[in-house]
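Coordinates from final-v6.txt are shown below (compact mmCIF, C-alpha atoms and all ligand atoms).
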```txt
# COMPACT_ATOMS: atom_id res chain seq x y z
CA MET A 29 22.25 -7.37 -19.93
CA ARG A 30 23.73 -8.04 -16.47
CA ILE A 31 21.67 -8.34 -13.32
CA ASN A 32 23.40 -7.76 -10.01
CA LEU A 33 21.83 -10.40 -7.74
CA SER A 34 24.27 -9.67 -4.92
CA LYS A 35 22.29 -6.51 -4.20
CA THR A 36 19.06 -6.85 -2.24
CA PRO A 37 16.10 -5.72 -4.36
CA ARG A 38 14.57 -2.42 -3.27
CA SER A 39 10.81 -2.22 -2.92
CA ILE A 40 9.13 0.96 -4.16
CA ALA A 41 5.81 0.07 -2.52
CA ILE A 42 4.46 2.04 0.42
CA ASP A 43 4.15 -0.18 3.47
CA LEU A 44 0.54 -0.05 4.57
CA ASN A 45 0.16 0.35 8.30
CA PHE A 46 -3.34 -0.80 9.25
CA SER A 47 -3.14 0.72 12.72
CA GLY A 48 -1.26 3.95 12.03
CA PRO A 49 -0.82 6.78 9.54
CA GLN A 50 -1.63 5.86 5.92
CA PRO A 51 -1.81 7.68 2.62
CA SER A 52 -5.26 8.32 1.18
CA HIS A 53 -6.79 9.60 -2.02
CA PHE A 54 -10.18 10.98 -3.05
CA GLY A 55 -11.51 11.10 0.51
CA ALA A 56 -11.37 7.32 0.95
CA ASN A 57 -11.69 5.70 4.37
CA ALA A 58 -8.48 4.36 5.87
CA ALA A 59 -7.71 0.67 5.36
CA SER A 60 -8.55 -1.24 8.51
CA ALA A 61 -7.93 -4.63 10.10
CA VAL A 62 -10.01 -6.08 12.93
CA PRO A 63 -9.79 -9.48 14.63
CA MET A 64 -12.13 -12.14 13.24
CA GLN A 65 -14.92 -13.04 15.65
CA VAL A 66 -17.05 -16.14 15.16
CA ASP A 67 -18.73 -18.59 17.57
CA GLY A 68 -16.81 -17.38 20.61
CA PHE A 69 -13.50 -17.32 18.74
CA VAL A 70 -11.58 -14.05 18.66
CA GLY A 71 -8.62 -13.77 16.29
CA ASP A 72 -6.41 -11.82 18.66
CA THR A 73 -3.94 -13.44 21.09
CA ARG A 74 -3.96 -10.26 23.21
CA GLN A 75 -7.70 -10.70 23.74
CA GLY A 76 -7.34 -14.36 24.75
CA GLY A 77 -7.58 -15.86 21.27
CA SER A 78 -5.44 -18.85 20.31
CA CYS A 79 -4.06 -17.07 17.23
CA ASN A 80 -4.23 -13.83 15.28
CA VAL A 81 -6.64 -13.68 12.34
CA ASP A 82 -7.53 -10.30 10.84
CA VAL A 83 -10.44 -9.27 8.66
CA ILE A 84 -9.27 -6.40 6.49
CA GLN A 85 -11.08 -3.66 4.63
CA MET A 86 -9.19 -1.71 2.01
CA ASN A 87 -9.60 0.26 -1.18
CA PRO A 88 -6.66 -0.61 -3.47
CA HIS A 89 -6.95 2.58 -5.56
CA CYS A 90 -6.92 4.94 -2.60
CA ASN A 91 -5.08 3.28 0.31
CA GLY A 92 -1.60 2.85 -1.15
CA THR A 93 0.58 1.33 -3.85
CA HIS A 94 -1.56 -0.49 -6.41
CA THR A 95 -1.47 -1.81 -9.96
CA GLU A 96 -4.49 -1.44 -12.21
CA THR A 97 -5.60 -2.59 -15.65
CA ILE A 98 -7.94 -1.18 -18.26
CA SER A 99 -10.74 -2.70 -16.14
CA HIS A 100 -10.48 0.45 -14.01
CA ILE A 101 -12.52 2.14 -16.75
CA VAL A 102 -14.38 -0.62 -18.65
CA ASP A 103 -17.12 -3.10 -17.73
CA GLU A 104 -15.10 -6.25 -18.46
CA LEU A 105 -12.84 -7.64 -15.72
CA LEU A 106 -9.21 -8.24 -16.63
CA PRO A 107 -7.27 -8.69 -13.38
CA PRO A 108 -3.64 -7.48 -13.10
CA HIS A 109 -2.32 -11.03 -12.51
CA GLN A 110 -3.66 -12.05 -15.93
CA VAL A 111 -2.17 -9.06 -17.72
CA LEU A 112 1.16 -9.43 -15.92
CA GLU A 113 2.00 -13.01 -16.85
CA GLN A 114 5.62 -11.84 -17.01
CA SER A 115 6.31 -9.77 -13.90
CA LEU A 116 10.06 -9.32 -14.60
CA MET A 117 10.96 -6.53 -17.03
CA VAL A 118 13.49 -3.81 -17.76
CA ALA A 119 12.46 -0.50 -16.26
CA GLU A 120 13.83 3.02 -16.34
CA LEU A 121 13.60 5.21 -13.25
CA VAL A 122 13.49 8.96 -13.87
CA THR A 123 12.95 11.98 -11.63
CA ILE A 124 10.79 14.89 -12.80
CA GLU A 125 9.73 18.14 -11.15
CA PRO A 126 6.14 19.02 -12.14
CA GLN A 127 5.66 22.45 -13.74
CA LEU A 128 3.10 25.17 -13.16
CA ALA A 129 0.32 24.96 -15.77
CA THR A 130 0.91 28.54 -16.93
CA GLU A 131 4.49 27.67 -17.91
CA LEU A 132 3.56 24.83 -20.25
CA ILE A 133 0.27 25.94 -21.72
CA ALA A 134 1.74 26.55 -25.20
CA SER A 135 2.25 22.85 -25.96
CA ASN A 136 0.28 21.03 -23.26
CA SER A 137 -3.41 20.71 -22.51
CA TYR A 138 -5.83 18.61 -20.51
CA GLN A 139 -9.46 17.53 -20.66
CA PRO A 140 -11.13 19.07 -18.68
CA PRO A 141 -9.03 22.25 -19.07
CA MET A 142 -6.21 22.72 -16.56
CA GLU A 143 -6.26 25.56 -14.04
CA ALA A 144 -3.46 28.15 -13.83
CA ASP A 145 -2.30 27.15 -10.34
CA GLU A 146 -2.06 23.40 -11.02
CA TYR A 147 1.17 21.43 -11.45
CA LEU A 148 1.63 18.98 -14.32
CA LEU A 149 4.20 16.73 -15.94
CA SER A 150 4.62 17.98 -19.49
CA VAL A 151 5.22 16.31 -22.84
CA GLU A 152 8.61 18.05 -23.01
CA GLN A 153 9.66 16.48 -19.71
CA LEU A 154 8.62 13.01 -20.88
CA THR A 155 10.19 13.22 -24.33
CA ALA A 156 13.46 14.18 -22.64
CA VAL A 157 13.40 10.71 -21.08
CA LYS A 158 13.48 8.98 -24.46
CA LYS A 159 17.26 9.00 -24.76
CA SER A 160 17.62 6.88 -21.61
CA LEU A 161 15.22 4.15 -22.79
CA HIS A 162 16.82 0.90 -24.04
CA LYS A 163 15.25 -1.23 -26.72
CA HIS A 164 14.12 -3.72 -24.06
CA THR A 165 12.67 -1.10 -21.69
CA LYS A 166 9.04 -1.98 -20.98
CA ALA A 167 8.37 0.01 -17.83
CA LEU A 168 8.84 3.63 -16.83
CA ILE A 169 8.97 4.65 -13.17
CA ILE A 170 8.48 8.34 -12.45
CA ARG A 171 9.59 9.88 -9.15
CA THR A 172 8.30 13.44 -8.78
CA LEU A 173 9.97 16.29 -6.91
CA PRO A 174 9.80 17.27 -4.15
CA ASN A 175 10.16 13.73 -2.81
CA ASN A 176 9.45 14.24 0.88
CA LYS A 177 9.11 11.08 2.95
CA ASN A 178 5.65 12.25 4.04
CA LYS A 179 4.47 11.35 0.53
CA GLN A 180 4.03 7.87 2.02
CA ARG A 181 1.35 9.11 4.42
CA ARG A 182 -0.13 12.03 2.48
CA HIS A 183 -3.86 12.68 2.20
CA TYR A 184 -4.72 13.91 -1.29
CA ASN A 185 -7.95 15.91 -1.47
CA GLY A 186 -9.43 19.20 -2.70
CA GLN A 187 -7.09 21.17 -0.42
CA ASN A 188 -4.02 19.11 -1.33
CA GLN A 189 -4.22 18.27 -5.01
CA PRO A 190 -1.46 16.16 -6.50
CA PRO A 191 0.21 17.00 -9.82
CA TYR A 192 -0.96 15.09 -12.91
CA PHE A 193 0.11 14.58 -16.52
CA SER A 194 -0.84 16.65 -19.55
CA ASN A 195 -2.78 14.75 -22.21
CA GLU A 196 0.10 15.31 -24.66
CA ALA A 197 2.54 13.70 -22.21
CA ILE A 198 0.50 10.50 -21.84
CA ALA A 199 -0.40 10.40 -25.55
CA TRP A 200 3.31 10.53 -26.42
CA LEU A 201 4.15 7.84 -23.89
CA ALA A 202 1.35 5.57 -25.09
CA ASN A 203 1.85 6.06 -28.83
CA GLU A 204 5.56 6.73 -29.36
CA THR A 205 7.40 4.54 -26.85
CA PRO A 206 7.69 0.82 -26.05
CA ILE A 207 6.50 1.51 -22.47
CA GLU A 208 3.74 -0.92 -21.45
CA HIS A 209 3.82 -0.40 -17.70
CA LEU A 210 3.80 3.04 -16.10
CA LEU A 211 4.62 3.47 -12.41
CA VAL A 212 4.18 6.85 -10.70
CA ASP A 213 4.42 8.19 -7.16
CA LEU A 214 1.22 10.19 -7.66
CA PRO A 215 -2.19 8.81 -6.62
CA SER A 216 -3.42 9.11 -10.22
CA ILE A 217 -2.11 10.03 -13.66
CA ASP A 218 -5.30 12.10 -14.01
CA ARG A 219 -6.46 15.15 -12.11
CA LEU A 220 -8.11 14.46 -8.74
CA HIS A 221 -11.44 15.99 -9.85
CA ASP A 222 -11.65 15.54 -13.61
CA LYS A 223 -15.43 15.38 -14.14
CA GLY A 224 -15.08 11.61 -14.47
CA MET A 225 -13.32 11.88 -17.82
CA LEU A 226 -10.10 10.02 -16.89
CA SER A 227 -8.67 11.37 -20.12
CA ASN A 228 -5.11 10.19 -19.43
CA HIS A 229 -6.18 6.69 -18.43
CA ARG A 230 -8.14 6.56 -21.72
CA LEU A 231 -5.17 7.71 -23.77
CA PHE A 232 -2.88 5.18 -22.08
CA TRP A 233 -5.21 2.26 -22.85
CA ASN A 234 -6.43 3.67 -26.20
CA LEU A 235 -10.06 3.88 -25.17
CA SER A 236 -12.25 6.56 -26.73
CA PRO A 237 -13.87 9.24 -24.55
CA GLY A 238 -16.95 7.96 -22.76
CA SER A 239 -16.54 4.32 -23.82
CA LYS A 240 -16.84 1.68 -21.09
CA GLN A 241 -16.35 -1.39 -23.30
CA LEU A 242 -13.24 -3.28 -24.25
CA SER A 243 -12.53 -3.39 -27.97
CA GLU A 244 -9.86 -4.80 -30.30
CA SER A 245 -8.17 -1.43 -30.48
CA CYS A 246 -7.62 -1.17 -26.69
CA TRP A 247 -4.14 -1.83 -25.32
CA GLN A 248 -5.15 -4.44 -22.76
CA HIS A 249 -1.59 -5.59 -22.09
CA LYS A 250 -0.66 -2.34 -20.33
CA THR A 251 -0.82 -1.55 -16.61
CA ILE A 252 -0.59 1.55 -14.44
CA THR A 253 0.85 1.48 -10.93
CA GLU A 254 0.11 4.47 -8.72
CA MET A 255 1.27 5.69 -5.30
CA VAL A 256 4.70 4.10 -5.34
CA TYR A 257 7.41 5.75 -3.22
CA VAL A 258 10.96 5.77 -4.55
CA ALA A 259 13.42 6.59 -1.76
CA ASP A 260 16.01 9.30 -2.50
CA ASP A 261 18.93 6.86 -2.25
CA ILE A 262 17.73 4.86 -5.28
CA PRO A 263 19.45 6.57 -8.22
CA ASP A 264 17.81 7.23 -11.58
CA GLY A 265 18.72 4.58 -14.15
CA SER A 266 17.90 1.11 -15.46
CA TYR A 267 16.59 -1.69 -13.25
CA LEU A 268 15.11 -5.13 -13.43
CA LEU A 269 11.58 -4.50 -12.19
CA ASN A 270 9.58 -7.26 -10.53
CA LEU A 271 6.00 -6.04 -10.60
CA GLN A 272 4.54 -8.46 -8.11
CA VAL A 273 0.75 -8.68 -7.83
CA PRO A 274 -1.49 -11.07 -5.87
CA LYS A 275 -3.96 -13.31 -7.69
CA LEU A 276 -7.01 -11.29 -6.77
CA ASN A 277 -9.63 -10.90 -9.50
CA LEU A 278 -10.08 -7.16 -9.21
CA ASN A 279 -9.45 -4.19 -11.51
CA ALA A 280 -6.73 -2.95 -9.14
CA VAL A 281 -4.72 -4.79 -6.51
CA PRO A 282 -2.13 -3.82 -3.91
CA SER A 283 1.29 -4.44 -5.48
CA ASN A 284 4.94 -4.67 -4.53
CA PRO A 285 7.24 -3.45 -7.32
CA THR A 286 10.90 -4.19 -6.56
CA LEU A 287 14.04 -2.93 -8.31
CA GLN A 288 17.30 -4.80 -8.92
CA PRO A 289 20.26 -2.98 -10.50
CA ILE A 290 21.17 -4.02 -14.06
CA SER A 291 23.74 -2.92 -16.59
CA PHE A 292 23.93 -3.27 -20.34
ZN ZN A 301 -5.72 3.74 -9.33
```

Could you rewrite the structure in this file as structure tokens?
Amino acid sequence: MRINLSKTPRSIAIDLNFSGPQPSHFGANAASAVPMQVDGFVGDTRQGGSCNVDVIQMNPHCNGTHTETISHIVDELLPPHQVLEQSLMVAELVTIEPQLATELIASNSYQPPMEADEYLLSVEQLTAVKKSLHKHTKALIIRTLPNNKNKQRRHYNGQNQPPYFSNEAIAWLANETPIEHLLVDLPSIDRLHDKGMLSNHRLFWNLSPGSKQLSESCWQHKTITEMVYVADDIPDGSYLLNLQVPKLNLNAVPSNPTLQPISF
């Protein structure tokens, strides 16, 4: 394997602008930053302060690019920085155009049942990716079409529902491939309003429906990264992925995945 270090790594994180347009999911408030104020000190040089010190409020799941662990759906806390002891890994970037539910209903399903006018990524589209995976590939990055730049500032809600994966697609990925880390440009691998079932998250981490406890059979070493944005000029193919996460003890944290070209 050859890594081309002469090329600058490309980030596939969305830059989060605390004082401008941001993406949002599930009706979440925008992330915000305000100057710290304590005992006459103001953390803003433009307001006479000696330096700039912000207090931020954000929701990692809904305000932008984030990496999550099985703790998104169980009681026990396993932060991403503990799961990702090795942040460097071989990743495959693929581009997929979600399909209308009515076109894939024969071999794809979802819990709760999918609606006719929804768009999904199907098991057929994922299995087609298998031929491009190498034996060392541990991460799969999925760019969906269309890939408008406004995806970086989009508000996903009941009127603007993002595509999601069929249960068969995620079950295949989780059970039949070496992929441990899934990165997608959608705000969730599950449907926006899914009656709280999170059926794809459960399949990915091998957690039975309704369970909120870690068990031996769960795949705790896997992570999901949502709301990435992969620019059009980054071609499909193999990369060295650096899935950088801060040491925050949370179930999901803002992350900065970067891609470096590699060849085999
Ligand atoms: Zn999430």

Of A:Pro174, A:Pro237, A:Gly265, A:Pro37, the one nearest to Gln288 (chain A) when counting all atoms listed in the file is A:Pro37

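The spacing separating CA of Leu168 (chain A) from CA of Ile124 (chain A) amounts to 12.1 Å.
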
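Residues in contact with ligand ZN 301 (chain A) (atom pairs separated by at most 10 Å; all atoms listed in the file) are His53, Asn87, Pro88, His89, Cys90, Asn91, Gly92, Thr93, His94, Thr95, Glu96, Thr97, His100, Leu214, Pro215, Ser216, Ile217, Asp218, His229, Ile252, Thr253, Glu254, Met255, Asn279, Ala280, Val281 and Pro282 of chain A.
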
If I take CA of Ser150 (chain A) and CA of Lys163 (chain A), how far is one from the other in Å, to one decimal? 23.1 Å

Given only C-alpha atoms, how would the per-residue table for region 102-208 of chain A near region 58-71 of chain A read, listing every residue at most 12 Å away with its closest atom pair and distance in Å to one decimal, sorted by chain and number, as JSON lines?
```
{"residue": "A:Arg181", "atom": "CA", "partner": "A:Ala58", "partner_atom": "CA", "distance": 11.0}
{"residue": "A:Arg182", "atom": "CA", "partner": "A:Ala58", "partner_atom": "CA", "distance": 11.8}
{"residue": "A:His183", "atom": "CA", "partner": "A:Ala58", "partner_atom": "CA", "distance": 10.2}
```

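Taking CA of Gln110 (chain A) as the reference point, CA of Ser39 (chain A) is found at 21.8 Å.
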
Padding 6 Å on each side, edges along x, y and z: where is the centre of the box around the listed atoms of region 160-164 of chain A, and how long are its edges in Å to one decimal? Output it as AutoDock Vina command-line options.
```
--center_x 15.9 --center_y 1.6 --center_z -24.2 --size_x 15.5 --size_y 22.6 --size_z 17.1
```

Using only C-alpha atoms, find each residue in region 140-247 of chain A having at least one atom no more than 10 Å away from region 114-118 of chain A; report its shortest atom-to-atom pair and that distance in Å (one decimal), rows by chain then rising number, as a tab-separated table.
```
residue	atom	partner	partner_atom	distance
A:Leu161	CA	A:Val118	CA	9.6
A:His162	CA	A:Val118	CA	8.5
A:Lys163	CA	A:Val118	CA	9.5
A:His164	CA	A:Val118	CA	6.3
A:Thr165	CA	A:Val118	CA	4.8
A:Lys166	CA	A:Val118	CA	5.8
A:Ala167	CA	A:Val118	CA	6.4
A:Leu168	CA	A:Val118	CA	8.8
A:Ile207	CA	A:Val118	CA	10.0
A:His209	CA	A:Met117	CA	9.4
```

Which is closer to Lys158 (chain A) than all the others in A:Asn195, A:Asn175, A:Thr205, A:Gln272, using all atoms listed in the file? A:Thr205

Nearby residues (all atoms listed in the file) at most 7 Å from Pro285 (chain A), same-chain spacing under 4 positions excluded, as an NGL selection string: :A and (39-41 or 269-272)

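Residue nearest His249 (chain A), chosen from A:Val157, A:Ile133, A:Val111, A:Leu148 and counting only C-alpha atoms: A:Val111.
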
Pick from A:Ser236, A:Ser243, A:Asn178, A:Asn203 nearest to Ala259 (chain A), counting all atoms listed in the file: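 With all atoms listed in the file as the atom set, the closest residue is A:Asn178.
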
Residues within 10 Å of Pro274 (chain A), only C-alpha atoms, excluding chain neighbours under 5 positions, as a PyMOL selection string: chain A and resi 107-109+281-284

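In this comparison, which uses all atoms listed in the file, the residue of A:Lys250, A:Lys35, A:Arg30, A:Lys275 approaching Leu201 (chain A) most closely is A:Lys250.
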
For Asp260 (chain A), which residue among A:Ile101, A:Ile31, A:Leu149, A:Leu121 is the nearest when counting only C-alpha atoms?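 Of A:Ile101, A:Ile31, A:Leu149, A:Leu121, the one nearest Asp260 (chain A) is A:Leu121, counting only C-alpha atoms.
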
Could you name the residues that touch Tyr147 (chain A) at 8 Å or less, counting all atoms listed in the file, but leaving out those on the same chain fewer than 3 positions away, as a VMD selection string? chain A and resid 126 to 129 190 to 192

Where atoms are missing, can you supply N, CA and C atoms for region 218-240 of chain A and output the lot as a compact mmCIF listing (two decimals), in the frame of the given file?
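Output (result_7.txt):
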```
# COMPACT_ATOMS: atom_id res chain seq x y z
N ASP A 218 -4.32 11.07 -13.67
CA ASP A 218 -5.30 12.10 -14.01
C ASP A 218 -5.49 13.07 -12.84
N ARG A 219 -6.16 14.16 -13.14
CA ARG A 219 -6.46 15.15 -12.11
C ARG A 219 -7.41 14.54 -11.08
N LEU A 220 -7.28 14.99 -9.83
CA LEU A 220 -8.11 14.46 -8.74
C LEU A 220 -9.60 14.59 -9.09
N HIS A 221 -10.04 15.80 -9.44
CA HIS A 221 -11.44 15.99 -9.85
C HIS A 221 -11.43 16.35 -11.33
N ASP A 222 -11.79 15.37 -12.16
CA ASP A 222 -11.65 15.54 -13.61
C ASP A 222 -12.97 15.35 -14.33
N LYS A 223 -14.08 15.56 -13.58
CA LYS A 223 -15.43 15.38 -14.14
C LYS A 223 -15.65 13.96 -14.65
N GLY A 224 -14.90 13.01 -14.10
CA GLY A 224 -15.08 11.61 -14.47
C GLY A 224 -14.56 11.26 -15.86
N MET A 225 -13.77 12.14 -16.44
CA MET A 225 -13.32 11.88 -17.82
C MET A 225 -12.16 10.89 -17.89
N LEU A 226 -11.30 10.87 -16.90
CA LEU A 226 -10.10 10.02 -16.89
C LEU A 226 -9.39 10.04 -18.25
N SER A 227 -9.18 11.23 -18.75
CA SER A 227 -8.67 11.37 -20.12
C SER A 227 -7.29 10.74 -20.30
N ASN A 228 -6.43 10.81 -19.29
CA ASN A 228 -5.11 10.19 -19.43
C ASN A 228 -5.18 8.66 -19.38
N HIS A 229 -6.00 8.15 -18.47
CA HIS A 229 -6.18 6.69 -18.43
C HIS A 229 -6.68 6.20 -19.80
N ARG A 230 -7.60 6.96 -20.40
CA ARG A 230 -8.14 6.56 -21.72
C ARG A 230 -7.08 6.61 -22.80
N LEU A 231 -6.24 7.63 -22.77
CA LEU A 231 -5.17 7.71 -23.77
C LEU A 231 -4.19 6.56 -23.59
N PHE A 232 -3.87 6.23 -22.35
CA PHE A 232 -2.88 5.18 -22.08
C PHE A 232 -3.36 3.82 -22.57
N TRP A 233 -4.67 3.56 -22.43
CA TRP A 233 -5.21 2.26 -22.85
C TRP A 233 -5.92 2.32 -24.22
N ASN A 234 -5.84 3.48 -24.87
CA ASN A 234 -6.43 3.67 -26.20
C ASN A 234 -7.93 3.38 -26.21
N LEU A 235 -8.61 4.02 -25.29
CA LEU A 235 -10.06 3.88 -25.17
C LEU A 235 -10.69 5.24 -25.45
N SER A 236 -11.69 5.26 -26.33
CA SER A 236 -12.25 6.56 -26.73
C SER A 236 -13.05 7.19 -25.59
N PRO A 237 -13.16 8.53 -25.62
CA PRO A 237 -13.87 9.24 -24.55
C PRO A 237 -15.27 8.68 -24.33
N GLY A 238 -15.61 8.41 -23.09
CA GLY A 238 -16.95 7.96 -22.76
C GLY A 238 -17.18 6.46 -22.89
N SER A 239 -16.32 5.75 -23.62
CA SER A 239 -16.54 4.32 -23.82
C SER A 239 -16.25 3.54 -22.53
N LYS A 240 -17.08 2.53 -22.25
CA LYS A 240 -16.84 1.68 -21.09
C LYS A 240 -16.75 0.22 -21.50
```
